[in-house]
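target-v3.cif, holding mmCIF, C-alpha atoms:
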data_work
#
loop_
_atom_site.label_atom_id
_atom_site.label_comp_id
_atom_site.auth_asym_id
_atom_site.auth_seq_id
_atom_site.Cartn_x
_atom_site.Cartn_y
_atom_site.Cartn_z
CA MET A 111 20.69 30.45 -49.26
CA ASP A 112 22.31 32.69 -46.66
CA LYS A 113 26.04 32.04 -46.84
CA SER A 114 26.56 32.54 -43.10
CA PHE A 115 23.88 29.95 -42.35
CA ALA A 116 25.55 27.46 -44.70
CA GLU A 117 28.96 28.07 -43.19
CA THR A 118 27.60 27.71 -39.67
CA TYR A 119 25.31 24.70 -40.01
CA LEU A 120 26.19 22.97 -43.28
CA ASN A 121 29.97 22.70 -43.17
CA PHE A 122 29.93 18.90 -43.45
CA SER A 123 33.71 18.69 -43.63
CA GLN A 124 33.67 19.25 -39.85
CA ILE A 125 31.78 16.00 -39.24
CA ASN A 126 33.64 12.83 -38.34
CA MET A 127 31.41 10.15 -39.82
CA GLU A 128 32.86 7.39 -37.63
CA THR A 129 32.05 9.40 -34.51
CA MET A 130 28.56 10.14 -35.82
CA LYS A 131 28.02 6.46 -36.61
CA GLN A 132 29.12 5.39 -33.12
CA ALA A 133 26.85 8.03 -31.56
CA LEU A 134 23.92 6.68 -33.57
CA ILE A 135 24.71 3.11 -32.45
CA ASP A 136 24.89 4.25 -28.81
CA THR A 137 21.52 6.03 -29.06
CA LEU A 138 19.85 3.01 -30.66
CA TYR A 139 21.45 0.71 -28.07
CA MET A 140 20.19 2.81 -25.14
CA THR A 141 16.73 3.08 -26.67
CA LEU A 142 16.27 -0.57 -27.64
CA ILE A 143 17.64 -2.15 -24.44
CA SER A 144 15.74 0.29 -22.23
CA MET A 145 12.48 -0.17 -24.15
CA VAL A 146 12.64 -3.96 -23.84
CA LEU A 147 12.92 -3.60 -20.06
CA VAL A 148 10.33 -0.80 -19.96
CA THR A 149 7.84 -2.90 -21.93
CA VAL A 150 8.16 -5.88 -19.59
CA ILE A 151 8.17 -3.87 -16.35
CA GLY A 152 5.46 -1.51 -17.59
CA LEU A 153 3.12 -4.36 -18.55
CA ILE A 154 3.60 -6.09 -15.20
CA LEU A 155 3.21 -2.90 -13.17
CA GLY A 156 0.24 -1.76 -15.28
CA LEU A 157 -1.46 -5.11 -14.79
CA ILE A 158 -0.89 -4.88 -11.03
CA LEU A 159 -2.37 -1.37 -10.93
CA TYR A 160 -5.34 -2.46 -13.02
CA THR A 161 -6.01 -5.59 -10.97
CA ILE A 162 -5.69 -3.90 -7.58
CA GLY A 163 -7.65 -0.86 -8.76
CA ARG A 164 -10.69 -3.02 -9.50
CA LYS A 165 -10.88 -4.32 -5.93
CA ASN A 166 -12.91 -2.39 -3.38
CA LYS A 167 -11.30 -3.86 -0.26
CA PRO A 168 -9.34 -1.51 2.05
CA TYR A 169 -6.03 -3.37 1.67
CA ALA A 170 -6.31 -3.10 -2.13
CA ARG A 171 -6.78 0.68 -1.94
CA ILE A 172 -3.76 0.98 0.35
CA ILE A 173 -1.54 -1.11 -1.95
CA TYR A 174 -2.81 0.80 -4.99
CA GLY A 175 -2.01 4.09 -3.30
CA ILE A 176 1.53 3.00 -2.38
CA VAL A 177 2.27 1.70 -5.88
CA SER A 178 0.79 4.86 -7.39
CA ILE A 179 2.92 7.13 -5.21
CA ILE A 180 6.14 5.26 -6.06
CA SER A 181 5.19 5.29 -9.74
CA ASN A 182 4.41 9.01 -9.69
CA ILE A 183 7.68 9.85 -7.94
CA PHE A 184 9.81 8.20 -10.64
CA ARG A 185 7.82 9.42 -13.63
CA SER A 186 7.53 12.98 -12.29
CA THR A 187 11.19 13.47 -11.33
CA PRO A 188 13.05 15.35 -14.12
CA PHE A 189 15.21 12.84 -15.96
CA MET A 190 18.56 14.58 -15.50
CA ILE A 191 17.94 14.95 -11.76
CA LEU A 192 16.92 11.29 -11.50
CA MET A 193 20.05 10.21 -13.36
CA VAL A 194 22.24 12.14 -10.91
CA LEU A 195 20.33 10.91 -7.85
CA ILE A 196 20.77 7.23 -8.71
CA ILE A 197 24.49 7.42 -9.56
CA PRO A 198 25.42 5.13 -6.61
CA PHE A 199 22.78 2.60 -7.72
CA THR A 200 23.98 2.84 -11.34
CA LYS A 201 27.61 2.27 -10.34
CA ALA A 202 26.58 -0.74 -8.24
CA ILE A 203 24.61 -2.28 -11.12
CA VAL A 204 26.67 -1.32 -14.16
CA GLY A 205 30.06 -0.57 -12.62
CA THR A 206 30.39 2.91 -14.13
CA MET A 207 28.53 6.21 -14.35
CA LEU A 208 29.67 6.98 -17.90
CA GLY A 209 28.70 5.53 -21.27
CA ALA A 210 25.54 4.16 -22.85
CA GLN A 211 25.12 1.33 -20.33
CA ALA A 212 25.20 3.75 -17.40
CA ALA A 213 22.12 5.57 -18.74
CA ILE A 214 19.93 2.47 -18.90
CA PRO A 215 18.91 2.24 -15.19
CA ALA A 216 17.75 5.87 -15.15
CA LEU A 217 16.00 5.48 -18.50
CA VAL A 218 14.10 2.43 -17.27
CA LEU A 219 13.17 3.93 -13.89
CA SER A 220 11.92 7.08 -15.59
CA ALA A 221 9.95 5.50 -18.45
CA ALA A 222 8.59 2.26 -16.93
CA PRO A 223 6.14 3.99 -14.52
CA PHE A 224 4.99 6.25 -17.37
CA TYR A 225 4.27 3.27 -19.62
CA ALA A 226 2.66 1.41 -16.72
CA ARG A 227 0.08 4.19 -16.41
CA LEU A 228 -0.63 3.97 -20.14
CA VAL A 229 -1.02 0.19 -19.80
CA GLU A 230 -3.45 0.62 -16.91
CA ILE A 231 -5.49 3.11 -18.97
CA ALA A 232 -5.49 0.73 -21.96
CA PHE A 233 -6.78 -2.12 -19.78
CA ARG A 234 -9.49 0.08 -18.26
CA GLU A 235 -10.77 0.93 -21.74
CA VAL A 236 -11.63 -2.72 -22.45
CA SER A 237 -15.39 -3.21 -22.34
CA PRO A 238 -16.48 -4.74 -18.99
CA GLY A 239 -19.05 -6.77 -20.90
CA VAL A 240 -16.32 -8.64 -22.76
CA LEU A 241 -14.58 -9.51 -19.51
CA GLU A 242 -17.84 -10.57 -17.85
CA ALA A 243 -18.67 -12.79 -20.81
CA ALA A 244 -15.29 -14.52 -20.56
CA ASP A 245 -15.75 -14.96 -16.82
CA ALA A 246 -19.24 -16.41 -17.35
CA MET A 247 -17.78 -18.95 -19.79
CA GLY A 248 -15.53 -20.24 -17.01
CA ALA A 249 -12.26 -18.64 -18.10
CA SER A 250 -9.61 -18.43 -15.37
CA TYR A 251 -7.99 -15.16 -14.29
CA TRP A 252 -4.91 -15.74 -16.44
CA GLU A 253 -6.99 -16.88 -19.41
CA ILE A 254 -8.94 -13.63 -19.21
CA ILE A 255 -5.66 -11.69 -19.05
CA TRP A 256 -3.92 -13.44 -21.97
CA LYS A 257 -6.89 -14.24 -24.21
CA VAL A 258 -9.17 -11.27 -23.64
CA LEU A 259 -7.68 -8.28 -21.80
CA ILE A 260 -4.33 -8.02 -23.59
CA PRO A 261 -5.61 -8.84 -27.13
CA GLU A 262 -8.40 -6.25 -26.75
CA SER A 263 -5.86 -3.67 -25.52
CA VAL A 264 -3.20 -4.22 -28.22
CA PRO A 265 -3.87 -1.02 -30.26
CA ALA A 266 -3.75 1.16 -27.13
CA LEU A 267 -0.68 -0.70 -25.83
CA ILE A 268 1.17 -0.13 -29.11
CA SER A 269 0.14 3.52 -29.17
CA GLY A 270 1.39 3.96 -25.59
CA LEU A 271 4.62 2.15 -26.42
CA THR A 272 5.16 4.49 -29.37
CA VAL A 273 4.73 7.57 -27.18
CA THR A 274 7.05 6.09 -24.53
CA THR A 275 9.73 5.21 -27.10
CA ILE A 276 9.74 8.75 -28.49
CA SER A 277 10.06 10.11 -24.95
CA MET A 278 12.88 7.63 -24.39
CA ILE A 279 14.78 8.98 -27.41
CA GLY A 280 14.52 12.44 -25.87
CA PHE A 281 15.80 11.08 -22.55
CA THR A 282 18.84 9.53 -24.29
CA ALA A 283 19.68 12.94 -25.72
CA MET A 284 19.57 14.47 -22.23
CA ALA A 285 21.61 11.58 -20.84
CA GLY A 286 24.25 12.27 -23.48
CA ALA A 287 24.81 15.73 -22.05
CA ILE A 288 26.01 14.22 -18.75
CA GLY A 289 28.27 11.49 -20.05
CA ALA A 290 26.11 8.79 -21.60
CA GLY A 291 27.26 9.41 -25.15
CA GLY A 292 24.95 8.95 -28.12
CA LEU A 293 23.68 11.64 -30.45
CA GLY A 294 22.76 13.91 -27.55
CA GLY A 295 26.29 13.74 -26.15
CA LEU A 296 27.77 14.36 -29.60
CA ALA A 297 25.50 17.36 -30.21
CA TRP A 298 26.42 18.87 -26.85
CA GLN A 299 30.13 18.06 -26.48
CA GLU A 300 31.40 18.03 -30.05
CA GLY A 301 28.84 20.49 -31.35
CA TYR A 302 27.81 23.16 -28.88
CA GLN A 303 30.79 23.21 -26.52
CA ARG A 304 33.34 23.26 -29.36
CA GLY A 305 31.36 25.65 -31.53
CA ASN A 306 30.83 23.06 -34.28
CA LEU A 307 27.13 23.70 -34.89
CA THR A 308 27.11 21.52 -38.00
CA VAL A 309 27.51 18.48 -35.73
CA THR A 310 24.66 19.68 -33.51
CA PHE A 311 22.47 20.34 -36.55
CA VAL A 312 23.11 16.95 -38.16
CA ALA A 313 22.75 15.04 -34.85
CA THR A 314 19.41 16.76 -34.31
CA LEU A 315 18.25 15.80 -37.81
CA VAL A 316 19.22 12.16 -37.20
CA ILE A 317 17.27 12.13 -33.93
CA LEU A 318 14.24 13.57 -35.73
CA VAL A 319 14.49 10.90 -38.44
CA ILE A 320 14.52 8.18 -35.76
CA VAL A 321 11.47 9.75 -34.10
CA PHE A 322 9.56 9.93 -37.40
CA ILE A 323 10.38 6.28 -38.15
CA VAL A 324 9.22 5.15 -34.70
CA GLN A 325 6.03 7.22 -34.98
CA GLY A 326 5.32 5.85 -38.46
CA ILE A 327 5.80 2.23 -37.40
CA GLY A 328 3.69 2.79 -34.28
CA ASP A 329 0.82 4.39 -36.24
CA PHE A 330 0.92 1.58 -38.82
CA LEU A 331 0.80 -1.19 -36.21
CA THR A 332 -1.94 0.59 -34.23
CA LYS A 333 -4.17 0.81 -37.30
CA LYS A 334 -3.41 -2.80 -38.29
CA THR A 335 -4.38 -4.18 -34.88
CA ASP A 336 -7.43 -1.94 -34.33
CA LYS A 337 -10.54 -4.07 -34.94
CA ARG A 338 -12.98 -1.14 -34.75
#

Spell out the structure here as structure tokens.
Amino acid sequence: MDKSFAETYLNFSQINMETMKQALIDTLYMTLISMVLVTVIGLILGLILYTIGRKNKPYARIIYGIVSIISNIFRSTPFMILMVLIIPFTKAIVGTMLGAQAAIPALVLSAAPFYARLVEIAFREVSPGVLEAADAMGASYWEIIWKVLIPESVPALISGLTVTTISMIGFTAMAGAIGAGGLGGLAWQEGYQRGNLTVTFVATLVILVIVFIVQGIGDFLTKKTDKR
């Protein structure tokens, strides 16, 4: 092994394990809390888009267009720019613009519209014949939603949630660079800015491990729930 590489990236004596542990906790906290909110908001917004999109009336098309535009604005705005733009909103909600909690509003606003689109796509992939059969049997709107539409969409919903969670982990890393903490903040502040590339290297490896675990769990659950 190249000695210079080992000295640069594998000098583990430069790592404060308590700091690394706290950064990991902050990253997991931001990801988990944000994903709970994203899942709920994304499902509701996706259901609204799906329901309105099926209607042919003019008012439905107008509402769908408005919701789509708002959704596209938030999911298309680069995350770091969005986080800076909503600083006043974040301070009003959380009381601070620094720390793991301060990143959550931007994380949710960025990821929820993205997941909502995936939810809408998942619902659209459900066979119309299945929905028509449930309607013919006298099922109410909410019975069709809870007993037919969502159960039939579970594999696609889980797959979309997996993709969104992995994107969320990347967002937390970017948030760390502007004061949110976590592994991204540790890699940038303690690693890159102070020339301690071992910290950056190890923080990156930990993030990759988290991503692989999330992807593995998501793939397993998708296959388990897929009836095809």

Closest atom pairs, residues of range 142-180 of chain A within 10 Å of range 267-278 of chain A, all atoms listed in the file, as a tab-separated table:
residue	atom	partner	partner_atom	distance
A:Leu142	CA	A:Thr275	CA	8.7
A:Ser144	CA	A:Met278	CA	8.2
A:Met145	CA	A:Thr275	CA	6.7
A:Val148	CA	A:Thr274	CA	8.9
A:Thr149	CA	A:Leu271	CA	7.5
A:Gly152	CA	A:Leu271	CA	9.6
A:Leu153	CA	A:Leu267	CA	9.0

Practice task
Please write as number ranges by chain the full residue list that the PyMOL selection byres ((chain A and resi 309-321) around 12) yields on this file.
Solution key: A: 115-116, 118-127, 129-135, 137-138, 141, 272-283, 286, 292-308, 322-328

Exercise for the section: Carefully work through the PyMOL selection byres ((chain A and resi 186-197) around 7) for this structure and note down the residues it includes, as a ChimeraX atom specification. Expected result: /A:182-185,198-201,207,216,220,281,284-285

Practice task
Quick one: everything within 12 Å of range 170-180 of chain A, counting all atoms listed in the file, minus sequence neighbours fewer than 2 positions away in the same chain. Send it as a PyMOL selection string.
Solution key: chain A and resi 155-168+182-187+219-220+222-224+226-227+230

Practice task
Calculate how many Å separate CA of Ala266 in chain A from CA of Ala232 in chain A, rounding to one decimal.
Solution key: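 That distance, rounded to one decimal, is 5.5 Å.
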
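Atom pair CA of Ile231 in chain A / CA of Val146 in chain A: separated by 20.1 Å.
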
Handout entry: Option closest in space to Tyr139 in chain A, from A:Val258, A:Leu208, A:Ala221, A:Ala290 [counting all atoms listed in the file]
Key =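 The closest residue to Tyr139 in chain A is A:Ala290.
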
Problem - Length of the CA of Ala213 in chain A to CA of Val150 in chain A vector [Å] - result: 18.1 Å

Could you work out an axis-aligned box for range 233-245 of chain A, taking every atom the file lists and adding 4 Å on each side, and report centre and edge lengths in Å to one decimal, as AutoDock Vina command-line options?
--center_x -12.9 --center_y -7.0 --center_z -19.8 --size_x 20.3 --size_y 23.9 --size_z 13.9

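Using only C-alpha atoms, the smallest distance between any of A:Ile154, A:Leu331, A:Ala210, A:Leu259 and Val240 in chain A comes from A:Leu259.
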